[in-house]
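Printed here is final_32.cif (mmCIF, N, CA, C and O atoms):
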data_data
#
loop_
_atom_site.label_atom_id
_atom_site.label_comp_id
_atom_site.auth_asym_id
_atom_site.auth_seq_id
_atom_site.Cartn_x
_atom_site.Cartn_y
_atom_site.Cartn_z
N MET Z 1 -29.58 28.20 -37.20
CA MET Z 1 -30.58 27.17 -37.19
C MET Z 1 -31.76 27.55 -36.29
O MET Z 1 -32.90 27.28 -36.61
N SER Z 2 -31.47 28.15 -35.16
CA SER Z 2 -32.56 28.53 -34.26
C SER Z 2 -33.43 29.61 -34.89
O SER Z 2 -34.63 29.68 -34.61
N THR Z 3 -32.85 30.45 -35.75
CA THR Z 3 -33.63 31.49 -36.41
C THR Z 3 -34.67 30.87 -37.33
O THR Z 3 -35.83 31.29 -37.34
N ILE Z 4 -34.29 29.85 -38.07
CA ILE Z 4 -35.25 29.17 -38.95
C ILE Z 4 -36.36 28.53 -38.13
O ILE Z 4 -37.53 28.64 -38.48
N PHE Z 5 -36.00 27.89 -37.04
CA PHE Z 5 -37.00 27.24 -36.19
C PHE Z 5 -37.99 28.25 -35.63
O PHE Z 5 -39.21 28.04 -35.69
N ILE Z 6 -37.49 29.37 -35.12
CA ILE Z 6 -38.40 30.34 -34.52
C ILE Z 6 -39.28 31.00 -35.58
O ILE Z 6 -40.44 31.32 -35.33
N LEU Z 7 -38.77 31.18 -36.80
CA LEU Z 7 -39.60 31.72 -37.87
C LEU Z 7 -40.70 30.74 -38.28
O LEU Z 7 -41.82 31.15 -38.58
N ILE Z 8 -40.39 29.46 -38.30
CA ILE Z 8 -41.41 28.45 -38.61
C ILE Z 8 -42.48 28.43 -37.53
O ILE Z 8 -43.68 28.39 -37.83
N VAL Z 9 -42.07 28.48 -36.27
CA VAL Z 9 -43.04 28.50 -35.17
C VAL Z 9 -43.89 29.76 -35.24
O VAL Z 9 -45.11 29.71 -35.04
N PHE Z 10 -43.27 30.90 -35.55
CA PHE Z 10 -44.01 32.15 -35.67
C PHE Z 10 -45.01 32.08 -36.82
O PHE Z 10 -46.15 32.54 -36.69
N ALA Z 11 -44.60 31.52 -37.96
CA ALA Z 11 -45.52 31.39 -39.09
C ALA Z 11 -46.72 30.51 -38.73
O ALA Z 11 -47.86 30.83 -39.07
N TYR Z 12 -46.47 29.41 -38.02
CA TYR Z 12 -47.57 28.55 -37.58
C TYR Z 12 -48.49 29.32 -36.62
O TYR Z 12 -49.71 29.22 -36.71
N PHE Z 13 -47.91 30.10 -35.73
CA PHE Z 13 -48.68 30.90 -34.78
C PHE Z 13 -49.58 31.89 -35.51
O PHE Z 13 -50.75 32.04 -35.18
N VAL Z 14 -49.05 32.55 -36.54
CA VAL Z 14 -49.82 33.54 -37.29
C VAL Z 14 -50.95 32.87 -38.07
O VAL Z 14 -52.07 33.37 -38.11
N ILE Z 15 -50.67 31.73 -38.69
CA ILE Z 15 -51.67 31.05 -39.51
C ILE Z 15 -52.74 30.39 -38.65
O ILE Z 15 -53.93 30.46 -38.97
N ARG Z 16 -52.35 29.78 -37.55
CA ARG Z 16 -53.27 28.92 -36.79
C ARG Z 16 -54.16 29.69 -35.82
O ARG Z 16 -55.31 29.35 -35.63
N PHE Z 17 -53.65 30.71 -35.17
CA PHE Z 17 -54.38 31.35 -34.08
C PHE Z 17 -54.80 32.77 -34.44
O PHE Z 17 -54.08 33.49 -35.12
N GLU Z 18 -55.98 33.14 -33.97
CA GLU Z 18 -56.50 34.48 -34.18
C GLU Z 18 -56.05 35.37 -33.02
O GLU Z 18 -56.61 35.32 -31.93
N VAL Z 19 -55.01 36.14 -33.25
CA VAL Z 19 -54.53 37.09 -32.25
C VAL Z 19 -54.51 38.48 -32.88
O VAL Z 19 -54.65 38.64 -34.09
N ASP Z 20 -54.30 39.46 -32.04
CA ASP Z 20 -54.31 40.84 -32.48
C ASP Z 20 -53.15 41.11 -33.44
O ASP Z 20 -52.06 40.55 -33.30
N VAL Z 21 -53.37 41.96 -34.41
CA VAL Z 21 -52.36 42.29 -35.40
C VAL Z 21 -51.15 42.96 -34.74
O VAL Z 21 -50.01 42.73 -35.13
N ARG Z 22 -51.40 43.76 -33.71
CA ARG Z 22 -50.30 44.42 -33.02
C ARG Z 22 -49.34 43.42 -32.40
O ARG Z 22 -48.12 43.60 -32.46
N GLU Z 23 -49.89 42.36 -31.80
CA GLU Z 23 -49.03 41.33 -31.21
C GLU Z 23 -48.19 40.64 -32.28
O GLU Z 23 -46.99 40.40 -32.09
N LYS Z 24 -48.79 40.36 -33.43
CA LYS Z 24 -48.06 39.74 -34.53
C LYS Z 24 -46.94 40.65 -35.02
O LYS Z 24 -45.83 40.19 -35.28
N LEU Z 25 -47.21 41.95 -35.15
CA LEU Z 25 -46.20 42.89 -35.64
C LEU Z 25 -45.06 43.06 -34.64
O LEU Z 25 -43.89 43.10 -35.03
N VAL Z 26 -45.39 43.15 -33.37
CA VAL Z 26 -44.35 43.28 -32.34
C VAL Z 26 -43.44 42.05 -32.34
O VAL Z 26 -42.21 42.17 -32.30
N LEU Z 27 -44.04 40.86 -32.42
CA LEU Z 27 -43.24 39.64 -32.45
C LEU Z 27 -42.39 39.59 -33.71
O LEU Z 27 -41.23 39.17 -33.67
N LEU Z 28 -42.93 40.02 -34.84
CA LEU Z 28 -42.17 40.02 -36.08
C LEU Z 28 -40.96 40.95 -35.98
O LEU Z 28 -39.86 40.59 -36.41
N VAL Z 29 -41.13 42.12 -35.40
CA VAL Z 29 -40.02 43.06 -35.24
C VAL Z 29 -38.97 42.49 -34.29
O VAL Z 29 -37.77 42.54 -34.56
N LEU Z 30 -39.41 41.91 -33.17
CA LEU Z 30 -38.46 41.32 -32.22
C LEU Z 30 -37.68 40.17 -32.84
O LEU Z 30 -36.46 40.06 -32.64
N ILE Z 31 -38.36 39.33 -33.59
CA ILE Z 31 -37.68 38.21 -34.26
C ILE Z 31 -36.69 38.74 -35.29
O ILE Z 31 -35.57 38.26 -35.40
N GLY Z 32 -37.09 39.75 -36.05
CA GLY Z 32 -36.20 40.33 -37.05
C GLY Z 32 -34.95 40.94 -36.43
O GLY Z 32 -33.84 40.74 -36.93
N VAL Z 33 -35.12 41.65 -35.34
CA VAL Z 33 -33.97 42.25 -34.66
C VAL Z 33 -33.04 41.17 -34.12
O VAL Z 33 -31.82 41.22 -34.30
N ALA Z 34 -33.61 40.17 -33.46
CA ALA Z 34 -32.79 39.10 -32.88
C ALA Z 34 -32.09 38.28 -33.96
O ALA Z 34 -30.98 37.78 -33.75
N ALA Z 35 -32.71 38.15 -35.13
CA ALA Z 35 -32.12 37.34 -36.20
C ALA Z 35 -31.08 38.12 -37.01
O ALA Z 35 -30.08 37.56 -37.43
N LEU Z 36 -31.31 39.41 -37.22
CA LEU Z 36 -30.44 40.18 -38.10
C LEU Z 36 -29.35 40.97 -37.39
O LEU Z 36 -28.40 41.41 -38.03
N LEU Z 37 -29.45 41.15 -36.09
CA LEU Z 37 -28.44 41.93 -35.36
C LEU Z 37 -27.04 41.33 -35.48
O LEU Z 37 -26.08 42.07 -35.70
N PRO Z 38 -26.86 40.02 -35.38
CA PRO Z 38 -25.49 39.49 -35.53
C PRO Z 38 -24.92 39.73 -36.93
O PRO Z 38 -23.71 39.81 -37.09
N LEU Z 39 -25.76 39.85 -37.94
CA LEU Z 39 -25.27 40.08 -39.30
C LEU Z 39 -24.85 41.54 -39.52
O LEU Z 39 -23.99 41.83 -40.33
N ALA Z 40 -25.50 42.46 -38.80
CA ALA Z 40 -25.26 43.88 -39.03
C ALA Z 40 -24.11 44.45 -38.21
O ALA Z 40 -23.61 45.51 -38.51
N SER Z 41 -23.67 43.75 -37.19
CA SER Z 41 -22.64 44.28 -36.32
C SER Z 41 -21.47 43.30 -36.24
O SER Z 41 -21.61 42.14 -36.62
N PRO Z 42 -20.34 43.75 -35.74
CA PRO Z 42 -19.20 42.84 -35.61
C PRO Z 42 -19.55 41.64 -34.73
O PRO Z 42 -20.27 41.77 -33.75
N MET Z 43 -19.03 40.51 -35.14
CA MET Z 43 -19.36 39.29 -34.41
C MET Z 43 -18.55 39.18 -33.12
O MET Z 43 -17.34 39.02 -33.14
N SER Z 44 -19.22 39.29 -32.02
CA SER Z 44 -18.59 39.05 -30.73
C SER Z 44 -19.35 37.93 -30.05
O SER Z 44 -20.53 37.69 -30.34
N ILE Z 45 -18.70 37.27 -29.16
CA ILE Z 45 -19.33 36.15 -28.46
C ILE Z 45 -20.52 36.63 -27.64
O ILE Z 45 -21.57 35.99 -27.61
N ALA Z 46 -20.37 37.78 -26.99
CA ALA Z 46 -21.46 38.30 -26.17
C ALA Z 46 -22.70 38.60 -27.02
O ALA Z 46 -23.83 38.34 -26.60
N LEU Z 47 -22.49 39.14 -28.20
CA LEU Z 47 -23.62 39.46 -29.09
C LEU Z 47 -24.30 38.19 -29.56
O LEU Z 47 -25.53 38.11 -29.59
N ARG Z 48 -23.52 37.20 -29.93
CA ARG Z 48 -24.10 35.93 -30.37
C ARG Z 48 -24.91 35.28 -29.26
O ARG Z 48 -26.02 34.80 -29.48
N VAL Z 49 -24.36 35.27 -28.06
CA VAL Z 49 -25.07 34.66 -26.92
C VAL Z 49 -26.33 35.46 -26.60
O VAL Z 49 -27.39 34.89 -26.34
N GLY Z 50 -26.23 36.77 -26.63
CA GLY Z 50 -27.40 37.60 -26.36
C GLY Z 50 -28.51 37.39 -27.37
O GLY Z 50 -29.69 37.30 -27.01
N CYS Z 51 -28.16 37.29 -28.63
CA CYS Z 51 -29.17 37.06 -29.67
C CYS Z 51 -29.77 35.66 -29.55
O CYS Z 51 -30.97 35.47 -29.76
N ALA Z 52 -28.96 34.69 -29.20
CA ALA Z 52 -29.48 33.34 -29.00
C ALA Z 52 -30.45 33.29 -27.82
O ALA Z 52 -31.50 32.65 -27.89
N ILE Z 53 -30.12 33.99 -26.75
CA ILE Z 53 -31.01 34.05 -25.59
C ILE Z 53 -32.31 34.78 -25.96
O ILE Z 53 -33.40 34.35 -25.58
N ALA Z 54 -32.21 35.86 -26.73
CA ALA Z 54 -33.41 36.60 -27.15
C ALA Z 54 -34.29 35.73 -28.04
O ALA Z 54 -35.52 35.71 -27.88
N GLN Z 55 -33.70 34.99 -28.97
CA GLN Z 55 -34.48 34.11 -29.83
C GLN Z 55 -35.16 33.01 -29.00
O GLN Z 55 -36.32 32.68 -29.24
N GLY Z 56 -34.45 32.48 -28.04
CA GLY Z 56 -35.04 31.46 -27.18
C GLY Z 56 -36.20 32.00 -26.35
O GLY Z 56 -37.23 31.35 -26.20
N ALA Z 57 -36.03 33.21 -25.83
CA ALA Z 57 -37.10 33.82 -25.03
C ALA Z 57 -38.33 34.10 -25.88
O ALA Z 57 -39.47 33.87 -25.44
N ILE Z 58 -38.13 34.56 -27.10
CA ILE Z 58 -39.25 34.80 -28.00
C ILE Z 58 -39.94 33.48 -28.34
O ILE Z 58 -41.17 33.40 -28.37
N GLY Z 59 -39.16 32.45 -28.59
CA GLY Z 59 -39.73 31.12 -28.87
C GLY Z 59 -40.54 30.59 -27.71
O GLY Z 59 -41.64 30.06 -27.90
N VAL Z 60 -40.02 30.74 -26.50
CA VAL Z 60 -40.76 30.29 -25.31
C VAL Z 60 -42.06 31.07 -25.18
O VAL Z 60 -43.12 30.49 -24.88
N TYR Z 61 -42.03 32.38 -25.41
CA TYR Z 61 -43.24 33.19 -25.33
C TYR Z 61 -44.28 32.71 -26.35
O TYR Z 61 -45.46 32.56 -26.01
N ILE Z 62 -43.85 32.49 -27.59
CA ILE Z 62 -44.80 32.09 -28.63
C ILE Z 62 -45.41 30.74 -28.32
O ILE Z 62 -46.63 30.56 -28.44
N VAL Z 63 -44.60 29.79 -27.90
CA VAL Z 63 -45.12 28.46 -27.59
C VAL Z 63 -46.06 28.51 -26.39
O VAL Z 63 -47.13 27.88 -26.39
N THR Z 64 -45.70 29.28 -25.37
CA THR Z 64 -46.58 29.43 -24.20
C THR Z 64 -47.89 30.10 -24.60
O THR Z 64 -48.96 29.70 -24.16
N ARG Z 65 -47.81 31.10 -25.43
CA ARG Z 65 -49.01 31.82 -25.90
C ARG Z 65 -49.91 30.89 -26.72
O ARG Z 65 -51.12 30.92 -26.57
N MET Z 66 -49.30 30.06 -27.59
CA MET Z 66 -50.10 29.11 -28.36
C MET Z 66 -50.79 28.12 -27.45
O MET Z 66 -51.96 27.77 -27.65
N HIS Z 67 -50.08 27.67 -26.42
CA HIS Z 67 -50.68 26.72 -25.47
C HIS Z 67 -51.85 27.37 -24.74
O HIS Z 67 -52.90 26.75 -24.55
N TYR Z 68 -51.69 28.64 -24.34
CA TYR Z 68 -52.76 29.36 -23.66
C TYR Z 68 -53.96 29.55 -24.57
O TYR Z 68 -55.11 29.34 -24.16
N LEU Z 69 -53.74 29.93 -25.83
CA LEU Z 69 -54.85 30.14 -26.75
C LEU Z 69 -55.56 28.84 -27.10
O LEU Z 69 -56.77 28.84 -27.34
N LYS Z 70 -54.83 27.75 -27.10
CA LYS Z 70 -55.41 26.45 -27.42
C LYS Z 70 -56.41 26.02 -26.34
O LYS Z 70 -57.42 25.41 -26.63
N HIS Z 71 -56.11 26.36 -25.10
CA HIS Z 71 -56.96 25.95 -23.98
C HIS Z 71 -57.96 27.00 -23.56
O HIS Z 71 -58.77 26.76 -22.67
N ALA Z 72 -57.93 28.17 -24.20
CA ALA Z 72 -58.88 29.23 -23.83
C ALA Z 72 -60.19 29.08 -24.58
O ALA Z 72 -60.35 28.46 -25.55
#

Could you write out this structure as structure tokens?
Amino acid sequence: MSTIFILIVFAYFVIRFEVDVREKLVLLVLIGVAALLPLASPMSIALRVGCAIAQGAIGVYIVTRMHYLKHA
């Protein structure tokens, strides 16, 4: 569920704000790795928790970045 939420937030970020293409690509790769890593490897609790923390950190970065761009 968190993967869908972060992808929706990322899509809004890409559509709404004018940022560098490199930043968009880096975020897309990070989101893809955090979302697909649990599917590609054996499911362990540590991996699930790590991916959830990574998705949360990416989400916090995107929301903070959108807030900064909105007020700049």

Place a sphere of radius 9 Å on (-42.8, 32.8, -29.3) in the file coordinates and name every protein, DNA or RNA residue with an atom inside or on its surface, counting only C-alpha atoms; give the answer as a list of chain:residue names.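 Nearby residues: Z:Ile6, Z:Val9, Z:Phe10, Z:Phe13, Z:Leu27, Z:Ile31, Z:Gln55, Z:Gly56, Z:Ala57, Z:Ile58, Z:Gly59, Z:Val60, Z:Tyr61, Z:Ile62, Z:Val63, Z:Thr64, Z:Arg65, Z:Met66.
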
Listed atoms of range 12-23 of chain Z boxed along x, y and z, 8 Å each side, centre and edge lengths in Å, one decimal, as AutoDock Vina command-line options:
--center_x -51.5 --center_y 36.5 --center_z -35.4 --size_x 26.1 --size_y 31.9 --size_z 24.3

For the atom pair atom C of Lys70 in chain Z and atom C of Ile53 in chain Z, what is the interatomic distance in Å to one decimal place?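 Separation of atom C of Lys70 in chain Z and atom C of Ile53 in chain Z: 25.6 Å.
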
Would you compute the distance between CA of Leu30 in chain Z and CA of Gly50 in chain Z? Give it in Å to one decimal.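 Taking CA of Leu30 in chain Z as the start and CA of Gly50 in chain Z as the end point, the length is 13.1 Å.
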
Quick check, in Å to one decimal: how far apart do CA of Ala46 in chain Z and CA of Leu25 in chain Z lie? 26.9 Å

Tell me which of Z:Ala34, Z:Leu69, Z:Val21, Z:Ile15 sits closest to Ala54 in chain Z, counting only N, CA, C and O atoms.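 The shortest atom-to-atom distance to Ala54 in chain Z comes from Z:Ala34.
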
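Taking only C-alpha atoms, the non-local environment of Cys51 in chain Z within 8 Å (same-chain residues fewer than 5 positions away omitted) comprises Ala34, Ala35, Leu37 and Pro38 of chain Z.
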
Could you write out that same residue set with N, CA, C and O atoms as a compact mmCIF listing (two decimals), in the frame of the given file?
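Below is the file that was written, selection-v6.txt:
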# COMPACT_ATOMS: atom_id res chain seq x y z
N ALA Z 34 -33.61 40.17 -33.46
CA ALA Z 34 -32.79 39.10 -32.88
C ALA Z 34 -32.09 38.28 -33.96
O ALA Z 34 -30.98 37.78 -33.75
N ALA Z 35 -32.71 38.15 -35.13
CA ALA Z 35 -32.12 37.34 -36.20
C ALA Z 35 -31.08 38.12 -37.01
O ALA Z 35 -30.08 37.56 -37.43
N LEU Z 37 -29.45 41.15 -36.09
CA LEU Z 37 -28.44 41.93 -35.36
C LEU Z 37 -27.04 41.33 -35.48
O LEU Z 37 -26.08 42.07 -35.70
N PRO Z 38 -26.86 40.02 -35.38
CA PRO Z 38 -25.49 39.49 -35.53
C PRO Z 38 -24.92 39.73 -36.93
O PRO Z 38 -23.71 39.81 -37.09
